Every structure is written in C-alpha cells, then in structure tokens.
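Colleague: Dropping a structure here in structure tokens format, bear with me for questions.
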Amino acid sequence: MSHHDVSYLEPKGSFWQTVWSWVYTIDHKKIGVMYLTAVLLAFLLGGLFALAVRAELFTPYQTIVTETGETITKGEALRFIADRWVENGSTLTVNNVYNRFFTAHGAIMVFLFIIPAVPAALGNFFLPIMLGAKDVAFPRLNLMSWYIYVFGSLLAVYSLVNGGVETGWTFYTPYSTTTNWGSTTAMLLSAFILGFSSIFTGMNFIATVHKLRVPGMGWFDMPLFVWAIYATAIIQVLATPVLGITLLMLVFERTFQIGIFDPALGGDPVLYQHFFWFYSHPAVYIMILPGFGIASELLAVHCHKKIFGYRAIAFSSIAIAAISFIVWAHHMFTAQSVALNAIFSALTFLVAIPTAIKVFNWIATMYKASISINTPMMYAMYFLFCFTIGGLTGPPLATLASDIHLHDTYFVVAHFHYVMMGGTVLAFIGGLHHWWPKMFGKMYWEPGAQLAGILVFVGFNVTFFTQFFLGTRGMPRRYATYIEELTTLHQISTIGSWILALGLFLHLFVFIHSLAAGKPAPKNPWGGLTFEWETESPPVEHNFPHEPVIVHGPYDYESVVPPHCDPAEYPVARPPAGGANGTNGTNGTNGTHHA
Amino acid sequence: MMLLEPISTLLATTSNPIKRAWDHLWFYGNTDASNFAAGSDAVFFFIFWVSAFFFVLLMVLMVIFAIKYRRVPGKSAPVSASHNTPLEIFWSVVPTILLAVMFFWGLIEYLPTRVAPGDAEEIQVVASQWRWDWVYDNGASPLNTEVIANMESPIFALPVNKPVKFVLSSLDVIHSFYIPGFRIKRDVMPNMYTQLWAEPTQVSHSWNEDTEEWQVVPEMARGDFDGFYLACTEYCGDQHSQMWGRVMVLSQGDYERWKTQQADTSGIPLVQLGGDLHKAKGCVACHSVDGSRGTGPTWQGIWGKTHTYVGGGSGIVDENYIRESILEPAANIVEGYPNQMVSYQGQLTDRELYAIVKYIQSLSDNAEDVAAAEAESEAEMAAKQEAAESEGGADGDAAGGGE
C-alpha cells in the first residue's frame, strides 16, 4: 500500500501503533481532526457553564418570611453547588459560584473554543487541500501548536477546578490582581500559552498560502475560505503577542509588586484596558472572519453559482483585518476622554462598511441561483439572518449617545452572541455538515440534522433576542441576580437556552450516528468545484492520488461540470468554447501528471 | 424615511396605548426622565428604523430567492453577472452615508453630557465593594434603605429640573455609575475623579404628610419597581449584582426637606443609628446579622468572642477591635476570611463609629452586654435631649423620613 491510495483514517497496524500514528502525526488532516475533537469538547464544557448561568438567572434572589416565621432565600439555582463547594474551610456563596461560572463560560468559549475552532480544525484540514498542497508549510510546527493548545487548555481547566477564576474573561485590573490570585495566574498563563498556539497556526497558514499554492493558482484563484483564513492568520500573528505581553505584565505586577496597572502601586487601570483590547478587539475578527469564509463556501457550493463579487468579498476580509487594529478603544467609551471617544467612534463605523458589503454580496449570490435546500445551506441562511442582526446592532454601540446607555448591559451581551454564536458558531456547524462527508467519508442523517438545525435557530433567537430588551431596560451584564421586573424576559431567555441545548445535542447524536452507521460518502456529494471535492472521501494520506492541476476557478459553475459528478445532473449553462463538457471531465485525475 | 413618518407620529402621542406598550417594551416606560434621555433615544430609534428597514429587505430577498431559485436536478443556474460595479458602488456608498449620519448625530447628542453647567449642584459619589455612598453639599449621607435585588440598598434623592453634577471616585476596584432611566453612565475609577451630570425632569416621589413617608407619585407607579435606580455596570466581584441604589426625584421643596432630614442624625438612638448605618454604609453586603456566612464574619454574637487572626495572634472583639476593624481593616483579619474591606477612615463621625460598636454589642447573646448597651444608648439620648433643650432649639422632624 502506498501513500497514494490509503485513507488518512486507515489504522496503522496494531491498536497502539495506530494511537502512536495519531499522537506523533504531522499530517494536517489528523491534527485538524484532533483539534476538532478538542474544540467540540471545549464547546460542550463552555456550553454547560452557559446553561448553569442561564439556570441561575431563571429567577432573581428573593428572601421571604414563611408563615412559620422562617426566613428563606428563593431563586438560588446554584445553591446546591455552592453548599458543596468547600474552600478554605467554608462553603462558597451563590454569587461566588455564579461569578466563577460566567468567567469559565467566557474564557473557555473564547480561548479554547471559538479562536481555534474554525482555523485550527477546519482550516487545518482544508486549507492545504484547497490549495492543492500535500500539507501545511511547517508540519512539525503544526503538531507543536496542537500540543501547546492541549497544554494551555489543561492549564485553563486546572485553574477552574483549583480555586476557580472570578474575574471575567477580560481580567480587568485592579479587581483581577486582588482576587483568587493563584488560579487567576494559572488562567492568565493558560491564555498566554494558548496565544502561542494561535500565533504558530497563523504563521503556518500565511507561509502555506504564499508558498504552497498549486502551480498556476493565482491569488484570485483561491477559494474565499482560504482568503478568510489568510486574513485571520495576519491578525493572529500581529495581535496575539500584545495579549501575551499584557498578561505577563499582569503576572509580573502581582508577583514583583511593579506598578503598571494597579493604582495602589502607582499604575493606571485604564492602561490595562487599552492593552487588553488592542489584542482582544482584533481577536473578535479572528473569531468571525473564518465564519465569513465558511459562509462564502456554503453559499457558492449549495447555490451552484459563481459567488457574487468575489474580489469585493476577498478584499473586504483584508480591509476588516486592517481596520480591526484601530478600533479597540470603543470598549472604553465610559472610561476615557471626549476626544478619544469621538475618534474611536468614527473609526468603529469604518468596520461596518466592508461587513455590509459582504452581506449584500452573499444575498446577491442567491439571485438566479440553483439552491439546494439542505443542512449546510439552511445554516448559511441562519447565519445570514443572525449575523445581520449581530451586525446591525453594532451601530447603536458605536454611536456615542446610545452606547452610553447600552454599554455593559445585556444589549452588548445579545449583540456579541449574535455575532459570535449567530455568526461564527452557526457558520461552523454549517461548515461541519458541509465538510463532514469529506473528513470522515460518511454521510449524516439529513432529516435529523435539519431538525436539529431548526431547534438551534429557534433556541438561539429566543435566548438572545430577548436580551436586547433586557439591555435597553437597563439590565447590567455579569449579574447573578436582578430586579424582579425583569424576571419574565430572563425566563424566556433561559427557556430558549434549553431549546438551543436540545438542538446541539441532537446534532451531536447525528454526528455520532454518522460515524457509527452513516452511508459511505461519495467524492463530491454537493457538486463543489474546489480541490477538496476532487480527491477521495476521506482524502488519501497525501491528500491527492496525483498532484492536482488547476484548470478552472473555484466557483466556475457556469462552465464546469463538478468533478465526479454526472453532467446530466449538473449541466453547465455556458459550455467553454473549446470543449463540449467542461474542462475537468467527470473525475478529478484527468489532469496532466506533473510527478 | 418618508414611509416611517406615520409610525413615528403614532408613537409620539403619549396617551396612545401603542406608544405606552412600545416604551414599556424598550425602556420599562422610562422615557424623557432626564435632559439626555430624549436625545439618546432619538439616535437609538433612528438607527433602529434604518436597521429594521435593511434587515427586512435583506431577509425578504433571501427567502424569496431561496424559494424561487430552488434547485431542480438536471437544471443549471442561468448565466448571470458575477459582479456589477454600479450596484456595488451604490450599496457601499449608501450605508456609508447612513453610518456617517449615525456617527455625527451620536457625537452631537453626546458632547453636552460631558460638560456640566456651572450652577450644577455637586454630589460626591464614593463607590466601594459593594455599596454606593453619596455625600451632599450639606454633609448629608443617606441613611434610609430599601431592599433591591435582595440587598438593603441606599435611597438617594435628586431635585427635579436642576442640574446635578456627580463627582465619582472608588475606594477599591473599578465600578460604573449607571442610572438607566437617565441614560447616563460613567466608570468610577480608583485613581482619579471622573464626573457626569444630568438634569432629572420627572418627579418620582413626594412627601406624604399623613404617613410621614416618601411615596411614589401616581404617574410613576407602574409595577414592582417604580421610579429610578442606580446600578453598578463594571464587574467588581462577589456582590456586583447587588450593588444598587434607589434614586428618588423630588420637587425642589421636598428635596430640601429630604436633605435636612438626612443631615441630622443626632436624634436617632445609638443602637438604631448603628443598625441604619449597617445597611446604608454597605456593611450588610459582607456582614450578616443573622449568623449566615458572608464575605466577612457575621455580627451576630460576635461581641466578646475570641478570634484567631490571619498570620498569628488572637484577640477579643471589643470596642477597640471594632474601631480598628472599621478604620484599619487590614490590621487584624479573622482567620478564614479574605482581606477584602476598605478603610472607612474619614467617612464616619465619632458618634457614628460608636453607634456601630453599640449596634454590634446589641446583637450579642450576652444579656448583660445587651442591657448595658441599651442603657448607655438611652443615657446618651437623655443627655442629648437635655443639651438640645438647654440650647432652646428643637430638632424638628429629624427622626422622620424613611420609607
């Protein structure tokens, strides 16, 4: 058996040899699958914390005197955990447990899940294949970044178990340097270490895109997913070091009593906020740009049509990456001077323009298309729905007069969940269904996936749309309890979180069912034109049986019959001048062999 | 935007039930409560209607396309343009113009919020974990409290139609001063003063002569929570979610009466004053009086106890330990508790300090101590009254106020 015809998933000899072949692999596909498993575990863990947070918010605390004259406190859903969590010889308060849980939710979802989710899992797997390469530019660095991720994640989980962190994922000083210092330090170091994983992945992808495109593939022949991952990688490499430096300064300040941020030592707490958001705002685009890339792929492939405004979408990704570096201070409109606020409010609006252009292009792609209604396409539309709401609720927060009211309220919570979850996560789930047959060689149960998708969509909107009204009514974020008038809205939101969880668990079931009993996937189940649809499902070890040849653009549906597809099922609207049947024929191996 | 004209006209009529339901949905009915509310809301709703227009347009198109252009196997999508320069320029320029309007309008409404008029009354706001304290120009610092979010929270007052400037500072971490009804917010920093101002425009409470209590005016009575409140919006630790305050907006006359009431605590017996201070000064956030565990030791039965301190040593809880714990909290921390409390140095008068001592003493099971505490308190009251009588002046309704 040679590397050319064996699936990458094929076991290598004995059980332990197979395990070793994964542990020690430098195959970007195996690393991608390991990342996928890890980020899904992180998503599950972060999701459980979110459910606990929503459960606590189902009712506010209320102390009442019963008929027998006994005083009892109601509305403390997390009481049973607080009473069992003993630390320094006494139990925790419910507030304390809640604060640790919302911090855990935020930190896990941001650092362990959403930042690596698309680039490190799907990007790792598909970026080299989409470029026609055998692997990423630095396969060993890729493996190293995976182990750094594992180590950083374990440290993060350790910090939660050992003492817990209650600073919020933003670690604002001086609060963060005055509370639970041991576990907070562990969490800061974990974020620092995870940052290196992110930087290495980004460097690897930049080098891969520059150097390993198949001969003949120009920049504008690249799929838009690659453009999005490329723009993301630039931010990863340039912004993440700032976070690392900032977190280290925090650790140094506390350990060596050097006054940087803590006013008690002569520092300035707002300086910390500037440093932190100088990374963390670009990081928001590290989180969302890959989602944009997936959306472009889903729409093009399942609309069977050339994407509208390819260059506009590609350049807007780069524009967003660039602008993302000059808007950070819009997180501090209530903390800084009028002049800074005016400048950063104006700069923030600049991001809205390329973002709006993307949405218009995606919708225009659907015009006069040939749209397959399946799980990936439905997710593309859920993405458009939710991300558009997420995007449109940005301007009230960028506008000074309205942000002063909405800053740090549930309006902000709703806005970023519509962007992060409604944008990135919905795109990620859509992309997972889109590429699942290719990654694992199995189809999934389509009706089950569609039902799960509907539950996720409905649950998500019930959970988070409510929170816009909580925000305008003045409900501050990071609150364990609240005034009673807001109870109804909180209860609707919590019920939404249960529907959402039900949908996500159904997705998990569908995936497990697919691995266990799914039908074998064809090489090109959706009729896609990018390179991953030319190779086997799952791909062979070196990705392609023979080095692929670029003979058409990634979205030339008008003139090319998709590889491995029946021309009767996928006729072309505009056959190329020279040939009758598209240049790429009916299988992916008819190109010239360069080897 | 011409199409939206009828909608905005409809929503502008205050007696209109649709308008009321609309205001309730977004702001719990609190609109026009300060000089900044109308401007902030107008910008918000401009953005809202522009967004709603584009959202509906895009989603309707998406659904129509998804239905109309559904795939038929064996048929391909017709040839259509993959880009269109005039269209792309159009949909880049139009949002840019709208976004520019949002920015400038928002900036114009925002600028005045940062410059208080010269004649504004100044109120000093001191935030700490986890309480708000306001100090008025006559030295008054509110003593009355009500339960908000399950925590005794201070009741503050503001005059209607008069500008008030808040000068903010924090004793520990960053907090944020937020009165949602007024649409104002500003971070409270530990290393510098920050400030903001507003002019309340709706009276929320008035003095009821019969019950001798502050009551919600009928127009403001809308449900469980009437009128305005103050909340902390920068996460500040354990009881962040219970760091509230009630904000009463009073007529000018009522406001003066309230300030006078709050300024004079000399008529309140020591133990009672200690109990009021326990709630109003935020002691209650950490120290329970019913034996339940909080961030700090409970005060129930603490008098006369011997405690081991963090870092060695021990001592009995007596007048001097309590005094030290209030003024220099970090000096001797009871084992098993964090070093969390800020110093109250300069924030309490000698009488207030002693009132807290007496109050803690009164919470002890030791009957002798309790009796002694009460006797002392009464004796002090008698002495005070004598002094007042000999001066020939009465303290008026100083004991009044409260709920």
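Residue numbering restarts at 1 for every chain of the structure tokens, chains are lettered A, B, ... in their displayed order, and ligands are numbered from 1 as they appear.
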Please extract the residues of segment 155-269 of chain B with a backbone DSSP assignment of helix (DSSP H, G or I) and present them as a count of residues only.
Modeller: 21
Colleague: Residues of chain B within 6 Å of chain A, counting only C-alpha atoms, what are they? List them as a ChimeraX atom specification.
Modeller: /B:26-28,40,44,51,65,69-71,73-74,76-78,82-83,103,106-107,109-110,149-150,173,180,183-187,191,233,238,241
Colleague: Using atom CA of Asp23 of chain B and atom CA of Leu196 of chain B as the two end points, give the distance in Å to one decimal.
Modeller: 25.3 Å
Colleague: For a quick check of understanding, using only C-alpha atoms, which of A:Leu48, A:Ile148, A:Val19, A:Val413 has the smallest distance to Phe505 of chain A?
Modeller: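 Selected residue with least distance to Phe505 of chain A: A:Leu48.
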Colleague: Using only C-alpha atoms for the distances, tell me which of A:Val456, A:Val412, A:Val462, A:Ala322 is nearest to Tyr379 of chain A.
Modeller: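 Closest candidate: A:Val456.
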Colleague: Leaving out Ile360 of chain B and any residue of its chain fewer than 4 positions from it, which residues lie within 10 Å of it when counting only C-alpha atoms, given as a list in words?
Modeller: Val271, Gly274, Gly275, His278, Val289, Thr298, Trp299, Gln300, Gly301, Ile302, Trp303, Val317, Asp318, Glu319, Ile322, Tyr354, Ala355, Ile356, Ser364, Val370 and Ala373 of chain B
Colleague: Which residues are close to Glu328 of chain B, i.e. within 8 Å by only C-alpha atoms, leaving aside same-chain residues fewer than 4 positions away? Reply as a PyMOL selection string.
Modeller: chain B and resi 324+343-345
Colleague: Just C-alpha atoms for this one: save the residues we selected as a PDB file, in the first residue's frame.
Modeller:
```pdb
ATOM      1  CA  GLU B 324      -9.690  49.217  64.473  1.00  0.00           C
ATOM      2  CA  SER B 343     -10.959  51.655  55.339  1.00  0.00           C
ATOM      3  CA  TYR B 344     -13.848  53.851  56.465  1.00  0.00           C
ATOM      4  CA  GLN B 345     -11.415  56.425  57.837  1.00  0.00           C
TER       5      GLN B 345
END
```
Colleague: Need to verify the contact set: segment 426-441 of chain A, 7 Å, only C-alpha atoms, exclusion of same-chain residues closer than 5 positions in sequence. Can you return it as a ChimeraX atom specification?
Modeller: /A:118,291,294-295,375-376,379-380,383,421,520-521,537-538
